[in-house]
file protein.cif (mmCIF, C-alpha atoms)
data_my_file
loop_
_atom_site.label_atom_id
_atom_site.label_comp_id
_atom_site.auth_asym_id
_atom_site.auth_seq_id
_atom_site.Cartn_x
_atom_site.Cartn_y
_atom_site.Cartn_z
CA MET A 267 0.39 -3.73 18.23
CA LEU A 268 2.04 -0.35 18.76
CA VAL A 269 5.45 -2.01 19.11
CA LEU A 270 4.92 -3.90 15.83
CA VAL A 271 3.89 -0.73 14.00
CA THR A 272 6.94 1.10 15.38
CA ALA A 273 9.24 -1.75 14.36
CA GLY A 274 7.66 -1.79 10.91
CA ALA A 275 8.32 1.96 10.52
CA LEU A 276 11.97 1.52 11.55
CA VAL A 277 12.66 -0.99 8.75
CA PRO A 278 12.40 1.55 5.88
CA LEU A 279 14.15 4.21 7.96
CA LEU A 280 17.13 2.13 9.09
CA GLY A 281 17.09 -0.78 6.62
CA PRO A 282 18.88 0.83 3.64
CA SER A 283 21.78 2.12 5.71
CA ALA A 284 22.09 -1.25 7.49
CA ALA A 285 22.12 -3.10 4.15
CA LEU A 286 24.76 -0.79 2.69
CA HIS A 287 26.98 -0.73 5.79
CA GLY A 288 30.46 -1.97 4.90
CA SER A 289 29.60 -2.44 1.21
CA GLY A 290 31.39 0.69 0.02
CA GLU A 291 28.23 1.93 -1.71
CA ALA A 292 26.63 5.24 -0.86
CA ALA A 293 22.91 5.40 -0.19
CA ALA A 294 20.76 7.32 -2.64
CA PRO A 295 19.68 10.73 -1.33
CA GLY A 296 16.37 10.63 0.51
CA THR A 297 16.32 6.83 0.85
CA PRO A 298 14.82 6.78 4.38
CA GLY A 299 12.01 9.15 3.38
CA VAL A 300 11.18 7.23 0.21
CA GLY A 301 11.32 3.96 2.16
CA LEU A 302 8.89 5.35 4.73
CA LEU A 303 6.51 6.48 1.97
CA ARG A 304 6.65 2.99 0.43
CA ALA A 305 5.93 1.44 3.85
CA VAL A 306 2.87 3.69 4.26
CA LEU A 307 1.78 2.74 0.73
CA PHE A 308 2.06 -0.96 1.60
CA ALA A 309 0.14 -0.49 4.87
CA ALA A 310 -2.55 1.41 2.95
CA LEU A 311 -2.92 -1.65 0.70
CA CYS A 312 -3.01 -4.08 3.64
CA VAL A 313 -5.85 -2.50 5.61
CA PRO A 314 -8.63 -2.49 2.97
CA LEU A 315 -7.66 -5.83 1.45
CA GLY A 316 -7.73 -7.43 4.90
CA GLU A 317 -11.06 -5.81 5.75
CA VAL A 318 -12.75 -6.95 2.55
CA PHE A 319 -11.58 -10.58 2.59
CA THR A 320 -11.54 -11.24 6.33
CA GLY A 321 -14.73 -9.25 6.87
CA ARG A 322 -16.52 -11.48 4.37
CA SER A 323 -15.38 -14.58 6.29
CA ALA A 324 -16.44 -13.07 9.61
CA ARG A 325 -19.90 -12.24 8.24
CA ARG A 326 -20.25 -15.81 6.99
CA LEU A 327 -19.22 -17.15 10.40
CA ARG A 328 -21.56 -14.90 12.40
CA PRO A 329 -23.96 -13.00 10.12
CA ARG A 330 -25.52 -10.81 12.82
CA ALA A 331 -22.44 -10.07 14.90
CA ALA A 332 -20.92 -6.60 14.99
CA LEU A 333 -17.74 -5.94 13.05
CA PRO A 334 -15.09 -3.31 13.83
CA ARG A 335 -15.45 0.13 12.33
CA PRO A 336 -13.75 0.12 8.90
CA TRP A 337 -10.37 1.82 8.51
CA SER A 338 -10.35 1.58 4.70
CA ALA A 339 -11.10 5.25 4.01
CA THR A 340 -8.36 6.41 6.40
CA ALA A 341 -5.92 3.91 4.87
CA ALA A 342 -6.80 5.13 1.37
CA ALA A 343 -6.16 8.73 2.47
CA ALA A 344 -2.75 7.71 3.86
CA GLY A 345 -2.00 5.78 0.66
CA PHE A 346 -3.05 8.77 -1.44
CA LEU A 347 -0.68 11.09 0.47
CA ALA A 348 2.19 8.57 0.33
CA SER A 349 1.74 7.94 -3.40
CA LEU A 350 1.48 11.69 -3.99
CA GLY A 351 4.78 12.14 -2.16
CA LEU A 352 6.35 9.42 -4.31
CA ALA A 353 4.94 11.11 -7.44
CA PHE A 354 6.68 14.34 -6.38
CA VAL A 355 9.95 12.41 -6.11
CA VAL A 356 9.44 11.00 -9.62
CA ALA A 357 8.50 14.47 -10.92
CA ALA A 358 11.81 15.79 -9.54
CA GLY A 359 13.82 13.26 -11.55
CA ASN A 360 13.86 10.55 -8.84
CA ARG A 361 15.46 12.92 -6.34
CA VAL A 362 13.94 14.40 -3.21
CA PRO A 363 12.77 17.86 -4.34
CA ARG A 364 14.27 20.83 -2.48
CA GLY A 365 11.61 23.26 -3.72
CA TRP A 366 8.73 23.70 -6.14
CA GLY A 367 11.17 24.60 -8.90
CA ASP A 368 12.55 21.04 -8.85
CA VAL A 369 9.12 19.48 -9.50
CA ASP A 370 7.76 19.02 -13.03
CA LEU A 371 4.26 17.60 -12.49
CA GLY A 372 3.34 18.03 -16.14
CA GLY A 373 6.24 15.81 -17.11
CA LEU A 374 4.81 12.83 -15.21
CA GLN A 375 2.71 11.88 -18.21
CA GLY A 376 5.73 11.84 -20.47
CA HIS A 377 7.40 8.68 -19.17
CA ARG A 378 6.55 5.22 -17.84
CA GLU A 379 7.51 5.77 -14.20
CA GLY A 380 5.49 9.00 -14.05
CA LEU A 381 2.40 7.29 -15.47
CA LEU A 382 2.72 4.48 -12.93
CA ALA A 383 2.98 7.06 -10.12
CA LEU A 384 -0.21 8.72 -11.39
CA VAL A 385 -1.99 5.34 -11.50
CA GLU A 386 -1.10 4.81 -7.83
CA VAL A 387 -2.29 8.29 -6.79
CA ASN A 388 -5.58 7.92 -8.67
CA GLY A 389 -6.02 4.32 -7.49
CA PHE A 390 -5.93 5.35 -3.84
CA LEU A 391 -8.22 8.31 -4.53
CA VAL A 392 -10.85 6.10 -6.17
CA ALA A 393 -10.43 3.41 -3.48
CA GLY A 394 -11.07 6.00 -0.77
CA LEU A 395 -14.25 7.18 -2.48
CA LEU A 396 -15.45 3.58 -2.91
CA ALA A 397 -14.65 2.82 0.75
CA LEU A 398 -17.16 5.52 1.71
CA SER A 399 -19.79 4.22 -0.74
CA ARG A 400 -22.43 1.54 -0.25
CA ARG A 401 -20.24 -1.00 -2.03
CA PRO A 402 -16.88 -0.90 -0.24
CA ALA A 403 -15.83 -4.23 -1.81
CA ALA A 404 -15.55 -2.41 -5.17
CA GLN A 405 -12.34 -0.79 -3.90
CA LEU A 406 -10.55 -4.03 -4.78
CA TRP A 407 -10.39 -2.88 -8.44
CA PRO A 408 -8.45 0.36 -7.91
CA LEU A 409 -6.29 -1.32 -5.27
CA GLY A 410 -5.53 -4.06 -7.81
CA ALA A 411 -4.41 -1.32 -10.21
CA VAL A 412 -2.08 0.02 -7.50
CA VAL A 413 -0.59 -3.46 -7.00
CA VAL A 414 0.01 -3.86 -10.75
CA ALA A 415 1.50 -0.35 -11.03
CA GLU A 416 3.85 -0.98 -8.11
CA ALA A 417 4.93 -4.30 -9.61
CA LEU A 418 5.63 -2.68 -12.98
CA ARG A 419 7.51 0.16 -11.29
CA ALA A 420 9.75 -2.31 -9.48
CA HIS A 421 10.67 -3.98 -12.80
CA PRO A 422 11.55 -1.38 -15.43
CA ALA A 423 11.50 -2.39 -19.07
CA TRP A 424 15.29 -2.00 -19.31
CA ASP A 425 15.98 -4.65 -16.64
CA TYR A 426 18.50 -7.26 -17.72
CA HIS A 427 16.05 -10.08 -16.96
CA ASP A 428 12.53 -10.56 -18.29
CA PRO A 429 10.57 -7.62 -16.78
CA ALA A 430 7.17 -9.23 -17.40
CA THR A 431 7.98 -12.33 -15.32
CA GLY A 432 9.45 -10.22 -12.53
CA ALA A 433 6.44 -7.88 -12.53
CA VAL A 434 3.97 -10.80 -12.33
CA LEU A 435 5.90 -12.41 -9.47
CA THR A 436 6.12 -9.07 -7.63
CA ALA A 437 2.38 -8.45 -8.10
CA VAL A 438 1.54 -11.89 -6.69
CA HIS A 439 3.99 -11.43 -3.81
CA LEU A 440 2.69 -7.93 -3.00
CA ALA A 441 -0.97 -8.98 -3.16
CA CYS A 442 -0.41 -12.07 -0.98
CA GLY A 443 1.67 -10.13 1.54
CA ALA A 444 -0.95 -7.38 1.77
CA LEU A 445 -3.77 -9.91 2.15
CA TRP A 446 -1.89 -11.77 4.88
CA ALA A 447 -0.85 -8.70 6.89
CA GLY A 448 -4.18 -6.91 6.44
CA GLY A 449 -6.17 -10.07 7.13
CA LEU A 450 -4.21 -10.71 10.32
CA LEU A 451 -4.82 -7.15 11.51
CA HIS A 452 -8.55 -7.40 10.81
CA VAL A 453 -8.83 -10.82 12.48
CA LEU A 454 -7.20 -9.40 15.62
CA ARG A 455 -9.63 -6.47 15.60
CA VAL A 456 -12.63 -8.82 15.14
CA LEU A 457 -11.45 -11.15 17.92
CA ARG A 458 -10.99 -8.21 20.27
CA LEU A 459 -14.55 -7.08 19.54
CA TRP A 460 -15.97 -10.60 19.99
CA ARG A 461 -13.83 -11.39 23.03
CA GLY A 462 -16.66 -11.46 25.58
CA GLU A 463 -19.08 -13.39 23.36
CA ALA A 464 -19.51 -17.05 22.52
CA PRO A 465 -16.85 -18.56 20.23
#
call {"tool": "encode", "arguments": {"input": "protein.cif", "output": "structure tokens"}}
result
Amino acid sequence: MLVLVTAGALVPLLGPSAALHGSGEAAAPGTPGVGLLRAVLFAALCVPLGEVFTGRSARRLRPRAALPRPWSATAAAAGFLASLGLAFVVAAGNRVPRGWGDVDLGGLQGHREGLLALVEVNGFLVAGLLALSRRPAAQLWPLGAVVVAEALRAHPAWDYHDPATGAVLTAVHLACGALWAGGLLHVLRVLRLWRGEAP
């Protein structure tokens, strides 16, 4: 598991430079850092979605069996910090800020990309609070808002193709990928906990 997590972290760090190698294009400044923040954001979506959906199936399979301790609140905290870091990048004009003078947090509300960054920050904040509540399944709503915001961010309105179709396809792809990866992680955790018991 540790090897897979390490390999997953290397993709955003090394992927952009590998993709641009030999193309004659220069990488945008701060690409590895932004890629790592996006990877943390995706992982923070995977964990709670997997716990909610796979946990429900596990409870149906064995209602009285123990389930692993939830990681949703920790994942939401990581997602909050990652989305906050990405909001700082947006507030600095889509550049990695060199100091507080480069960041205009008040200007986030003035444009589409800034509003989407704020939706992601607030979505993870609310999801973390709901993960600690008595109804952790309610965190699906703010996490759904994060998925929609990320899909809209990936398809700006000035794209040459239809941005609505691209945003819908990205939202479906992101949600399915997060459910699959998070569900697989939770299934492995459940199987490890149930390993010595009857199938």
call {"tool": "resolve_selection", "arguments": {"input": "protein.cif", "expression": "the PyMOL selection byres ((chain A and resi 333) around 8)", "output": "PDB file with C-alpha atoms, keeping the file's coordinate frame"}}
result
ATOM      1  CA  GLY A 321     -14.730  -9.250   6.870  1.00  0.00           C
ATOM      2  CA  ALA A 331     -22.440 -10.070  14.900  1.00  0.00           C
ATOM      3  CA  ALA A 332     -20.920  -6.600  14.990  1.00  0.00           C
ATOM      4  CA  PRO A 334     -15.090  -3.310  13.830  1.00  0.00           C
ATOM      5  CA  ARG A 335     -15.450   0.130  12.330  1.00  0.00           C
ATOM      6  CA  VAL A 456     -12.630  -8.820  15.140  1.00  0.00           C
ATOM      7  CA  LEU A 459     -14.550  -7.080  19.540  1.00  0.00           C
TER       8      LEU A 459
END
call {"tool": "closest_residue", "arguments": {"input": "protein.cif", "among": "A:Val413, A:Leu451, A:Val269, A:Val362", "to": "A:Val434", "atoms": "only C-alpha atoms"}}
result
A:Val413
call {"tool": "atom_distance", "arguments": {"input": "protein.cif", "atom1": "atom CA of A:Gly376", "atom2": "atom CA of A:Glu416"}}
result
17.9 Å
call {"tool": "closest_residue", "arguments": {"input": "protein.cif", "among": "A:Val300, A:Leu418, A:Ala393, A:Leu406", "to": "A:Ala342", "atoms": "all atoms listed in the file"}}
result
A:Ala393
call {"tool": "closest_residue", "arguments": {"input": "protein.cif", "among": "A:Val412, A:Ala344, A:Leu303, A:Ala437", "to": "A:Asn388", "atoms": "only C-alpha atoms"}}
result
A:Val412
call {"tool": "atom_distance", "arguments": {"input": "protein.cif", "atom1": "atom CA of A:Gly462", "atom2": "atom CA of A:Ser323"}}
result
19.6 Å
call {"tool": "decode", "arguments": {"input": "protein.cif", "residues": "stretch 360-434 of chain A", "atoms": "C-alpha atoms", "output": "PDB file, in the first residue's frame"}}
result
ATOM      1  CA  ASN A 360      -2.764  31.350 -11.308  1.00  0.00           C
ATOM      2  CA  ARG A 361       0.889  31.635 -10.302  1.00  0.00           C
ATOM      3  CA  VAL A 362       2.607  30.211  -7.254  1.00  0.00           C
ATOM      4  CA  PRO A 363       2.659  33.143  -4.801  1.00  0.00           C
ATOM      5  CA  ARG A 364       6.094  34.275  -3.607  1.00  0.00           C
ATOM      6  CA  GLY A 365       4.696  36.240  -0.669  1.00  0.00           C
ATOM      7  CA  TRP A 366       1.523  37.581   0.912  1.00  0.00           C
ATOM      8  CA  GLY A 367       1.665  40.618  -1.358  1.00  0.00           C
ATOM      9  CA  ASP A 368       1.000  38.398  -4.392  1.00  0.00           C
ATOM     10  CA  VAL A 369      -2.250  37.018  -2.932  1.00  0.00           C
ATOM     11  CA  ASP A 370      -5.580  38.817  -3.383  1.00  0.00           C
ATOM     12  CA  LEU A 371      -8.041  36.698  -1.378  1.00  0.00           C
ATOM     13  CA  GLY A 372     -10.790  39.293  -1.699  1.00  0.00           C
ATOM     14  CA  GLY A 373     -10.564  39.037  -5.464  1.00  0.00           C
ATOM     15  CA  LEU A 374     -11.542  35.345  -5.424  1.00  0.00           C
ATOM     16  CA  GLN A 375     -15.208  36.283  -5.419  1.00  0.00           C
ATOM     17  CA  GLY A 376     -14.786  38.445  -8.488  1.00  0.00           C
ATOM     18  CA  HIS A 377     -14.284  35.703 -11.081  1.00  0.00           C
ATOM     19  CA  ARG A 378     -15.479  32.201 -11.946  1.00  0.00           C
ATOM     20  CA  GLU A 379     -12.292  30.304 -11.099  1.00  0.00           C
ATOM     21  CA  GLY A 380     -12.045  32.024  -7.711  1.00  0.00           C
ATOM     22  CA  LEU A 381     -15.641  31.140  -6.847  1.00  0.00           C
ATOM     23  CA  LEU A 382     -15.035  27.508  -7.807  1.00  0.00           C
ATOM     24  CA  ALA A 383     -11.927  27.450  -5.571  1.00  0.00           C
ATOM     25  CA  LEU A 384     -14.022  28.794  -2.678  1.00  0.00           C
ATOM     26  CA  VAL A 385     -16.687  26.122  -3.293  1.00  0.00           C
ATOM     27  CA  GLU A 386     -13.997  23.436  -3.007  1.00  0.00           C
ATOM     28  CA  VAL A 387     -12.552  24.903   0.209  1.00  0.00           C
ATOM     29  CA  ASN A 388     -15.988  25.216   1.828  1.00  0.00           C
ATOM     30  CA  GLY A 389     -17.080  21.807   0.521  1.00  0.00           C
ATOM     31  CA  PHE A 390     -14.218  20.051   2.290  1.00  0.00           C
ATOM     32  CA  LEU A 391     -14.797  22.101   5.448  1.00  0.00           C
ATOM     33  CA  VAL A 392     -18.475  21.107   5.604  1.00  0.00           C
ATOM     34  CA  ALA A 393     -17.650  17.487   4.687  1.00  0.00           C
ATOM     35  CA  GLY A 394     -15.174  17.314   7.569  1.00  0.00           C
ATOM     36  CA  LEU A 395     -17.753  18.617  10.024  1.00  0.00           C
ATOM     37  CA  LEU A 396     -20.358  16.143   8.739  1.00  0.00           C
ATOM     38  CA  ALA A 397     -17.830  13.278   8.968  1.00  0.00           C
ATOM     39  CA  LEU A 398     -17.607  13.977  12.710  1.00  0.00           C
ATOM     40  CA  SER A 399     -21.395  14.180  13.099  1.00  0.00           C
ATOM     41  CA  ARG A 400     -23.907  11.399  13.727  1.00  0.00           C
ATOM     42  CA  ARG A 401     -24.800  11.307  10.040  1.00  0.00           C
ATOM     43  CA  PRO A 402     -21.496  10.882   8.188  1.00  0.00           C
ATOM     44  CA  ALA A 403     -23.310   9.852   4.980  1.00  0.00           C
ATOM     45  CA  ALA A 404     -24.494  13.477   4.646  1.00  0.00           C
ATOM     46  CA  GLN A 405     -20.957  14.432   3.599  1.00  0.00           C
ATOM     47  CA  LEU A 406     -21.824  13.161   0.119  1.00  0.00           C
ATOM     48  CA  TRP A 407     -23.580  16.488  -0.610  1.00  0.00           C
ATOM     49  CA  PRO A 408     -20.606  18.814  -0.044  1.00  0.00           C
ATOM     50  CA  LEU A 409     -18.284  16.291  -1.707  1.00  0.00           C
ATOM     51  CA  GLY A 410     -20.642  16.278  -4.701  1.00  0.00           C
ATOM     52  CA  ALA A 411     -20.295  20.072  -4.816  1.00  0.00           C
ATOM     53  CA  VAL A 412     -16.497  19.652  -4.866  1.00  0.00           C
ATOM     54  CA  VAL A 413     -16.760  17.201  -7.787  1.00  0.00           C
ATOM     55  CA  VAL A 414     -18.977  19.619  -9.749  1.00  0.00           C
ATOM     56  CA  ALA A 415     -16.694  22.583  -8.969  1.00  0.00           C
ATOM     57  CA  GLU A 416     -13.611  20.651 -10.083  1.00  0.00           C
ATOM     58  CA  ALA A 417     -15.350  19.582 -13.293  1.00  0.00           C
ATOM     59  CA  LEU A 418     -16.382  23.171 -14.060  1.00  0.00           C
ATOM     60  CA  ARG A 419     -12.868  24.400 -13.271  1.00  0.00           C
ATOM     61  CA  ALA A 420     -11.380  21.916 -15.731  1.00  0.00           C
ATOM     62  CA  HIS A 421     -13.672  23.215 -18.505  1.00  0.00           C
ATOM     63  CA  PRO A 422     -13.677  27.015 -18.596  1.00  0.00           C
ATOM     64  CA  ALA A 423     -16.501  28.788 -20.382  1.00  0.00           C
ATOM     65  CA  TRP A 424     -14.111  30.040 -23.083  1.00  0.00           C
ATOM     66  CA  ASP A 425     -13.110  26.514 -24.184  1.00  0.00           C
ATOM     67  CA  TYR A 426     -13.380  25.967 -27.924  1.00  0.00           C
ATOM     68  CA  HIS A 427     -15.651  22.951 -27.424  1.00  0.00           C
ATOM     69  CA  ASP A 428     -18.923  22.775 -25.513  1.00  0.00           C
ATOM     70  CA  PRO A 429     -17.895  23.376 -21.865  1.00  0.00           C
ATOM     71  CA  ALA A 430     -21.131  21.937 -20.435  1.00  0.00           C
ATOM     72  CA  THR A 431     -20.642  18.532 -22.082  1.00  0.00           C
ATOM     73  CA  GLY A 432     -16.998  18.415 -21.029  1.00  0.00           C
ATOM     74  CA  ALA A 433     -17.861  19.400 -17.453  1.00  0.00           C
ATOM     75  CA  VAL A 434     -20.553  16.699 -17.187  1.00  0.00           C
TER      76      VAL A 434
END
